[in-house]
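Enquirer: Sending over a structure as structure tokens; questions will come in a sec.
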Amino acid sequence: MENNNCTCCCAHGNAQPDKQPEHTGFLKEYGRILLSAALLFSGIIMKATGMGFFADDIVMFAWYLAAYLPVGLPVLKEAWESILQKDIFSEFTLMSIATLGAFYIKEYPEGVAVMLFYSLGELFQERAVSKAKRNISALIDVRPETATVIKGNEAVVTSPRHVQTGDIIEVKTGERVPLDGKMLDEAAAFNTSALTGESIPRTIRKGGEVLAGMISTDKVIRVEVTRPFEKSALSRILELVQNASERKAPAELFIRKFARVYTPIVTGLAALIVLLPFLYSLANAQFSFIFNDWMYRALVFLVISCPCALVVSIPLGYFGGIGAASRLGILFKGGNYLDAIARINTVVFDKTGTLTKGTFEVQSCHTSQGISEEKLLQVIASAEQNSTHPIAKAITGYAKQRHILLSPATEVTEIAGRGLEARIDGQCVLAGNTRLLSEYKVEYPQELSEIADTVVVCAIGSAYAGYLLLSDTLKDDACTAIEELKALNINNIQILSGDKQAIVTNFAEKLGVARAYGDLLPDGKVEHIEELKRNTANRIAFVGDGINDAPVLALSHVGIAMGRLGSDAAIETADVVIQTDQPSKVATAICAGKQTRRIVWQNISLAFGVKLLVLALGAGGLATLWEAVFADVGVALIAIVNAIRVQKLIK
């Protein structure tokens, strides 16, 4: 997938310019192979029919040399360039030695056939890799090339790269949004499948966030740009997928290291296949050493030894897995995480915003004596007005509905896991949970601790002022998520939350989760994961929102973030990002990892099995160069087709 100076297949693809035309003429692409094949098979026919002039050794040599050069010269050139770069034991060198050796012992047809089928296999391999890359790029890179900027009454079409933050852009029906921005129209429907993998239209209202890659489906809309081109959600996602191939899975890293050791070893063994019988013939006069026979065996051994199937199909398998998962709205940051998630046996969920919708609604307002509902709501909403927490948004939204004017809040301090301290109208205000009031030694009614719903308590000055009762609901697929994980034999499923234990237990019972822990501060969640990790048999995936749970996401074996449709923190923190915010996609991600890993190990088993068998036959003189071609090119093509299959299996 990249040029790391390894002795791998398709290295000459790496040497080519990065951008190649997607479609070339048939003759230009296959012409040299067709010419070589025509000369090879016509030569075989002429020899078989005993054609007079073809019996001459010089004529036969010239004919097969003409068949060899169209396919052989490019490989000989690559072999020479590899040697100059001190990559002596590349597959090009092996193929060059094998085919030139075949010409030396006058096995012309087999020498041509090895290079012909090798070149044909390489062409198919390049096309397979190129197609996989194009499919993934087409899947993700849907950024429009132009943006219509409104300047006064004039519409100016320009590149999205030239659009500044604050500019107004217009998007027609059926067009993709080129940049992230804020909706200026009252409401419009959008197809968000490029970002989420879901084709269900989403309605965005005035002031809502519109992201690059969305398609306006019902009307012309205008958007105020909030992020430059390079920082748009889609640009970050595209960069994430493109960079994913840089993070190699253990199997990829092993094969790369293995190829560097394996190739020179088999080259040495091929030399010994000729040398040892020769030395033995010197010691034993009765042993008949025929150089050409042993040279033939060594050449067969060399052809078989090329690790094409391994070093091409394995990265292609992981790349295909990453692409197929991204089509479903699941972004893996590398093949290593695709591999790691396949071994997960413990899944720990955050509650709010992960298993629940995180869209709270104020149910009721309870005040202490001397405080009106309007005053309590005004004080709490003023303290929470700049917070992005779902509870804070619910409170400020409720205050707006009741037309309550907010006061400026100063000296606002967020106390992790507890709430806020602020100064409003000259008074110190506390807004948060009961732990916050206990920490500041503010007395409150003890029955608050027994309420099995979310409450936000408030103190004005040093006196308890009342509380707001809010509710959250489970996501539509939360129960399905737990059922699908259990179907994968993942029975250690847990919930961690900063909410009260009574609330967490209530949700856990609805989901069928036996282990649920509430009243946890961020440090408490870290301690819980550390305790789980002490048992080395646990392979832990933590699923959170990627913002408050950053330390736990980093600590777990695989951190999975609910992407919240482009959240910066989610994309930066986690190993896997679920853009649809659907917890059921956790099971899908694990299935993707298992399918990819299964296919990769199928390819490894196939390649090693066939190669070891034919290597043994070749060393014993029981395999010809034709079998060697199958063991190299044939197995590589089968492995590549199998690797591409992963994109159809992940769904």
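Lettering and numbering for the structure tokens are positional, with chains as A, B, ... in the shown order, residues counted from 1 in each chain, and ligands counted from 1 in the shown order.
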At a cut-off of 7 Å, using only C-alpha atoms, what residues contact Leu211 in chain A? Leave out same-chain residues fewer than 4 positions from it and give the result as number ranges by chain.

Expert: A: 177, 179-181, 233

Enquirer: Using only C-alpha atoms, please write the residues we just selected to a file, as a CSV table (one decimal), in the first residue's frame.

Expert:
chain,number,residue,atom,x,y,z
A,177,VAL,CA,-22.5,20.7,0.6
A,179,LEU,CA,-18.0,23.1,3.5
A,180,ASP,CA,-19.1,22.8,7.1
A,181,GLY,CA,-21.4,25.6,8.2
A,233,ALA,CA,-15.7,16.9,8.9

Enquirer: Which residues of range 57-118 of chain A have any atom within 12 Å of an atom in range 277-291 of chain A when counting only C-alpha atoms, and what is the closest pair of atoms for each, with the distance in Å to one decimal? Order the rows by chain and rising number and write it as CSV.

Expert:
residue,atom,partner,partner_atom,distance
A:Gly101,CA,A:Phe291,CA,11.7
A:Tyr104,CA,A:Phe291,CA,11.2
A:Ile105,CA,A:Phe291,CA,9.0

Enquirer: So that I can see what lies close to range 387-400 of chain A, please list as a PyMOL selection string the residues with an atom at most 6 Å from it, counting only C-alpha atoms and leaving out residues fewer than 2 positions away in the same chain.

Expert: chain A and resi 358+360-361+381+384-385+402-404

Enquirer: Name the residues of range 297-428 of chain A that come out as alpha helix (DSSP H) in a backbone DSSP run; write them as a PyMOL selection string.

Expert: chain A and resi 297-305+308-327+335-341+373-384+390-401

Enquirer: I'd like the contact shell of Leu35 in chain A - 12 Å cut-off, only C-alpha atoms, skipping same-chain residues fewer than 2 positions apart - returned as a list in words.

Expert: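 Those residues are Leu27, Lys28, Glu29, Tyr30, Gly31, Arg32, Ile33, Ala37, Ala38, Leu39, Leu40, Phe41, Ser42, Trp63, Tyr64, Ala66, Ala67, Tyr68, Leu69, Pro70, Val71, Val112 and Leu116 of chain A.
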
Enquirer: Could you take the residues named above and write them with N, CA and C atoms, as a PDB file, in the first residue's frame?

Expert:
ATOM      1  N   LEU A  27      -5.216  -2.514 -25.641  1.00  0.00           N
ATOM      2  CA  LEU A  27      -3.951  -2.923 -26.264  1.00  0.00           C
ATOM      3  C   LEU A  27      -2.748  -2.337 -25.547  1.00  0.00           C
ATOM      4  N   LYS A  28      -2.885  -1.098 -25.074  1.00  0.00           N
ATOM      5  CA  LYS A  28      -1.770  -0.467 -24.368  1.00  0.00           C
ATOM      6  C   LYS A  28      -1.482  -1.201 -23.067  1.00  0.00           C
ATOM      7  N   GLU A  29      -2.541  -1.689 -22.441  1.00  0.00           N
ATOM      8  CA  GLU A  29      -2.390  -2.344 -21.148  1.00  0.00           C
ATOM      9  C   GLU A  29      -1.966  -3.799 -21.304  1.00  0.00           C
ATOM     10  N   TYR A  30      -2.556  -4.490 -22.271  1.00  0.00           N
ATOM     11  CA  TYR A  30      -2.303  -5.921 -22.413  1.00  0.00           C
ATOM     12  C   TYR A  30      -1.475  -6.262 -23.655  1.00  0.00           C
ATOM     13  N   GLY A  31      -1.093  -5.256 -24.459  1.00  0.00           N
ATOM     14  CA  GLY A  31      -0.428  -5.507 -25.735  1.00  0.00           C
ATOM     15  C   GLY A  31       0.824  -6.353 -25.616  1.00  0.00           C
ATOM     16  N   ARG A  32       1.719  -5.988 -24.685  1.00  0.00           N
ATOM     17  CA  ARG A  32       2.989  -6.720 -24.574  1.00  0.00           C
ATOM     18  C   ARG A  32       2.748  -8.158 -24.104  1.00  0.00           C
ATOM     19  N   ILE A  33       1.725  -8.347 -23.269  1.00  0.00           N
ATOM     20  CA  ILE A  33       1.414  -9.697 -22.788  1.00  0.00           C
ATOM     21  C   ILE A  33       0.822 -10.533 -23.920  1.00  0.00           C
ATOM     22  N   ALA A  37       2.475 -13.862 -25.432  1.00  0.00           N
ATOM     23  CA  ALA A  37       1.702 -15.108 -25.428  1.00  0.00           C
ATOM     24  C   ALA A  37       1.591 -15.687 -26.833  1.00  0.00           C
ATOM     25  N   ALA A  38       1.364 -14.813 -27.834  1.00  0.00           N
ATOM     26  CA  ALA A  38       1.238 -15.280 -29.221  1.00  0.00           C
ATOM     27  C   ALA A  38       2.533 -15.942 -29.691  1.00  0.00           C
ATOM     28  N   LEU A  39       3.667 -15.309 -29.396  1.00  0.00           N
ATOM     29  CA  LEU A  39       4.963 -15.877 -29.805  1.00  0.00           C
ATOM     30  C   LEU A  39       5.260 -17.170 -29.052  1.00  0.00           C
ATOM     31  N   LEU A  40       4.943 -17.206 -27.760  1.00  0.00           N
ATOM     32  CA  LEU A  40       5.215 -18.401 -26.955  1.00  0.00           C
ATOM     33  C   LEU A  40       4.420 -19.596 -27.467  1.00  0.00           C
ATOM     34  N   PHE A  41       3.105 -19.438 -27.603  1.00  0.00           N
ATOM     35  CA  PHE A  41       2.275 -20.592 -27.962  1.00  0.00           C
ATOM     36  C   PHE A  41       2.462 -21.000 -29.429  1.00  0.00           C
ATOM     37  N   SER A  42       2.750 -20.020 -30.290  1.00  0.00           N
ATOM     38  CA  SER A  42       3.046 -20.400 -31.682  1.00  0.00           C
ATOM     39  C   SER A  42       4.363 -21.169 -31.744  1.00  0.00           C
ATOM     40  N   TRP A  63      13.439 -16.800 -31.495  1.00  0.00           N
ATOM     41  CA  TRP A  63      11.968 -16.732 -31.410  1.00  0.00           C
ATOM     42  C   TRP A  63      11.514 -16.540 -29.953  1.00  0.00           C
ATOM     43  N   TYR A  64      12.058 -17.390 -29.075  1.00  0.00           N
ATOM     44  CA  TYR A  64      11.651 -17.315 -27.667  1.00  0.00           C
ATOM     45  C   TYR A  64      12.205 -16.063 -26.979  1.00  0.00           C
ATOM     46  N   ALA A  66      12.417 -13.197 -28.501  1.00  0.00           N
ATOM     47  CA  ALA A  66      11.440 -12.177 -28.907  1.00  0.00           C
ATOM     48  C   ALA A  66      10.167 -12.275 -28.059  1.00  0.00           C
ATOM     49  N   ALA A  67       9.807 -13.510 -27.663  1.00  0.00           N
ATOM     50  CA  ALA A  67       8.634 -13.689 -26.805  1.00  0.00           C
ATOM     51  C   ALA A  67       8.930 -13.221 -25.385  1.00  0.00           C
ATOM     52  N   TYR A  68      10.185 -13.350 -24.974  1.00  0.00           N
ATOM     53  CA  TYR A  68      10.568 -13.029 -23.590  1.00  0.00           C
ATOM     54  C   TYR A  68      10.695 -11.524 -23.348  1.00  0.00           C
ATOM     55  N   LEU A  69      11.259 -10.813 -24.314  1.00  0.00           N
ATOM     56  CA  LEU A  69      11.613  -9.403 -24.084  1.00  0.00           C
ATOM     57  C   LEU A  69      10.427  -8.501 -23.727  1.00  0.00           C
ATOM     58  N   PRO A  70       9.237  -8.611 -24.368  1.00  0.00           N
ATOM     59  CA  PRO A  70       8.141  -7.693 -24.011  1.00  0.00           C
ATOM     60  C   PRO A  70       7.734  -7.778 -22.535  1.00  0.00           C
ATOM     61  N   VAL A  71       7.784  -8.984 -21.980  1.00  0.00           N
ATOM     62  CA  VAL A  71       7.388  -9.127 -20.574  1.00  0.00           C
ATOM     63  C   VAL A  71       8.593  -9.140 -19.643  1.00  0.00           C
ATOM     64  N   VAL A 112      10.034 -18.327 -20.757  1.00  0.00           N
ATOM     65  CA  VAL A 112       9.083 -17.308 -21.222  1.00  0.00           C
ATOM     66  C   VAL A 112       7.775 -17.410 -20.441  1.00  0.00           C
ATOM     67  N   LEU A 116       5.894 -14.571 -18.449  1.00  0.00           N
ATOM     68  CA  LEU A 116       4.603 -14.159 -19.002  1.00  0.00           C
ATOM     69  C   LEU A 116       3.516 -14.217 -17.933  1.00  0.00           C
TER      70      LEU A 116
END
